[in-house]
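**Student:** Sharing a structure below in structure tokens format, with a few things to ask.
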Amino acid sequence: MLMGLFNYWIVVVLMMIGLYIVIAHGNLIKKIVGLTIFQTSVFIFYISMAKVDGGTAPILMANVSQYANPLPHVLILTAIVVGIATTALALALTIRIKEAYNSIEEESIQQQNKKQASVRDELDPRNDPY
Amino acid sequence: MALLVVIAIEIARLKDLFAVVMLIGIYGLVSASFFVVMDAVDVAFTEASVGAGISTLLMLVVISLTQRSEHPVRHRPFGALLVVMLTGGMLIYGTLDMPYVGAGDAPIHIHIAPRYLNDSMQEVGVANVVTAVLASYRAFDTFGELVVIFTAGVGVSALLMTVGRRGDKKPAVAINDSMHKQQLILRIVSKMMLPFIMLFAFYVQFHGDYGPGGGFQAGVIFAAAIILYTLLFGLTSARRVINQTVSQLVAAFGVLLYGSVGLVSLLNGGNFLDYNVLASNPIGGQHLGILLIELGVGITVASVMITIFFNFAGRKELQKSTSENKGT
């Protein structure tokens with residue numbers, strides 16, 4: 001009877017795959033894809049909760065009395081569109097990072113930052129030992 | 001469901017970003033079909049057009065702007081795996097207390113959903129309960145979300161704006177023209193389909209009261225039609241059809257329309273976004289209010305998506321023309 005929780009387990013697995021991609025991959029686009037997977041798993045979680053056995057889509061009709069819960073549907077519907085808008089913003093930032101650093105790999109960006117910081121320290125007169 | 005996991009694992013493994021983006025499109029489509037199974041038709045509609053359509057396209061543009069393959073080095077994969085396993089284990093332990101999927105007596109179905117399902121016909125008079133909740137009961141939330149979308153559009157424009165820059169006058173000549181001339185079949189077929197896609201968008205927009213649909217979905221579908229046109233006929237000709245500045249203004253107009261409906265209901269003696277006072281009888285007012293704000297949502301979503309895509313594509317043309325200038 002534990003199969004009733006199967007959906008939630010899938011949600012957890014998907015969420016964790018998304019999280020793993022975000023942590024373990026250095027490529028910024030891959031990270032955004034990971035976030036998308038994470039996000040979708042939350043959508044699936046909400047929609048699974050809204051399901052009622054024997055119910056139908058929440059569009060009122062005569063001679064139907066059992067409907068799925070409409071509230072999670074509303075929340076997720078708007079969340080999807082907001083999600084694509086924010087993803088687009090993240091992608092736009094990625095493009096600017098590519099133009100500034102000529103790379104979208106986290107490590108090479110950090111290296112360049114360090115190099116710049118050390119150059120700045122050398123130029124700073126307060127750090128001058130003489 | 002298991003299919004989703006397979007796709008996600010494959011996404012995690014692959015290094016070719018092009019394949020990853022294609023898989024994310026498939027992933028969106030599969031999850032949309034899952035939403036249909038779960039009786040969430042409105043959500044499935046949105047996910048199919050957004051997840052499988054627009055987001056795939058945007059990511060494709062971005063990888064063509066940046067790079068196609070991923071650097072092979074991963075940092076701390078074992079540490080990450082450990083964190084992920086621990087969190088996942090705890091979450092699964094947490095689900096053991098959840099009510100089973102589909103149980104009708106779960107707490108979520110007891111509190112407020114019955115009111116929406118039982119009374120919305122008398123109070124709002126709209127058959128699609130999702131639309132009633134979205135546009136009437138929780139209109140204030142939706143307003144906030146619309147503003148978020150608008151802000152994201154403004155942000156993308158601020159980051160990537162190319163129109164009105166100096167040097168834009170010498171046309172960033174339709175670089176892809178030769179390519180576009182070749183795809184004859186694609187061009188003709190999609191030319192025939194475009195009017196139907198747009199007609200369908202309007203149907204979805206105005207039929208949202210009775211069936212699945214509404215401003216969000218219609219906006220995305222309309223934008224998809226424009227983007228299809230851009231893909232096949234080049235950015236320059238698409239900009240001639242829809243001016244980018246105009247589309248930004250129109251996005252602002254949609255938000256304004258939504259807000260003004262709220263203000264008018266305030267002036268008529270109701271609460272903010274209380275449509276009952278908009279017309280002589282409450283149900284008529286509700287219908288009018290929902291129609292207007294769904295229109296506002298549709299307009300804003302469509303023009304923000306178009307603006308975002310134009311910005312991305314314009315950036316690409318700019319990049320190409322500068323690299324060509326360097327070459328000569």
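By convention here, the chains of the structure tokens are called A, B, ... in the order presented, each chain's residues are numbered starting at 1, and ligands are numbered starting at 1 in the order presented.
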Counting only C-alpha atoms, give me one row per residue of chain A with an atom at most 6 Å from an atom of chain B, showing the shortest contact pair and its distance in Å to one decimal, sorted by chain then residue number, as a Markdown table.

**Tutor:**
| residue | atom | partner | partner_atom | distance |
| --- | --- | --- | --- | --- |
| A:Gly4 | CA | B:Tyr100 | CA | 4.6 |
| A:Leu5 | CA | B:Tyr100 | CA | 5.6 |
| A:Met16 | CA | B:Val84 | CA | 5.7 |
| A:Ala24 | CA | B:Pro77 | CA | 5.4 |
| A:His25 | CA | B:Arg74 | CA | 5.5 |
| A:Lys51 | CA | B:Gly102 | CA | 4.9 |
| A:Val52 | CA | B:Gly102 | CA | 4.1 |
| A:Asp53 | CA | B:Gly102 | CA | 4.5 |
| A:Thr56 | CA | B:Asp39 | CA | 5.8 |
| A:Ala57 | CA | B:Asp39 | CA | 4.6 |
| A:Pro58 | CA | B:Val129 | CA | 5.7 |
| A:Ile59 | CA | B:Asn128 | CA | 4.3 |
| A:Leu60 | CA | B:Ala127 | CA | 5.0 |
| A:Asn69 | CA | B:Ala113 | CA | 5.9 |
| A:Pro70 | CA | B:Val130 | CA | 5.4 |
| A:Val74 | CA | B:Leu134 | CA | 5.8 |
| A:Leu77 | CA | B:Val43 | CA | 5.0 |
| A:Val82 | CA | B:Ile149 | CA | 5.7 |
| A:Ala85 | CA | B:Ile149 | CA | 5.7 |
| A:Leu89 | CA | B:Val156 | CA | 5.4 |
| A:Ala92 | CA | B:Val156 | CA | 5.9 |

**Student:** Quick one: everything within 9 Å of Gln39 in chain A, counting only C-alpha atoms, minus sequence neighbours fewer than 4 positions away in the same chain. Send it as a PyMOL selection string.

**Tutor:** chain A and resi 15+18+34-35+43-44+80+83

**Student:** May I ask which of the residues A:Ala50, A:Glu99, A:Leu123, A:Gln110 is the closest one to Tyr67 in chain A, counting only C-alpha atoms?

**Tutor:**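 Among the listed residues, A:Ala50 lies closest to Tyr67 in chain A.
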
**Student:** Would you pick out the contacts of Leu291 in chain B at 9 Å or less, using only C-alpha atoms, so that residues sharing its chain but fewer than 2 positions from it are not included, and give the list as an MDAnalysis selection string?

**Tutor:** chainID B and resid 135 205:206 208:209 286:289 293:296

**Student:** Would you mind writing down, as number ranges by chain, each residue of range 53-112 of chain A that DSSP on the backbone assigns to helix (DSSP H, G or I)?

**Tutor:** A: 70-101, 106-112

**Student:** Quick one, how far is CA of Val33 in chain A from CA of Ile109 in chain A?

**Tutor:**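 Computing it gives 19.3 Å between the two atoms.
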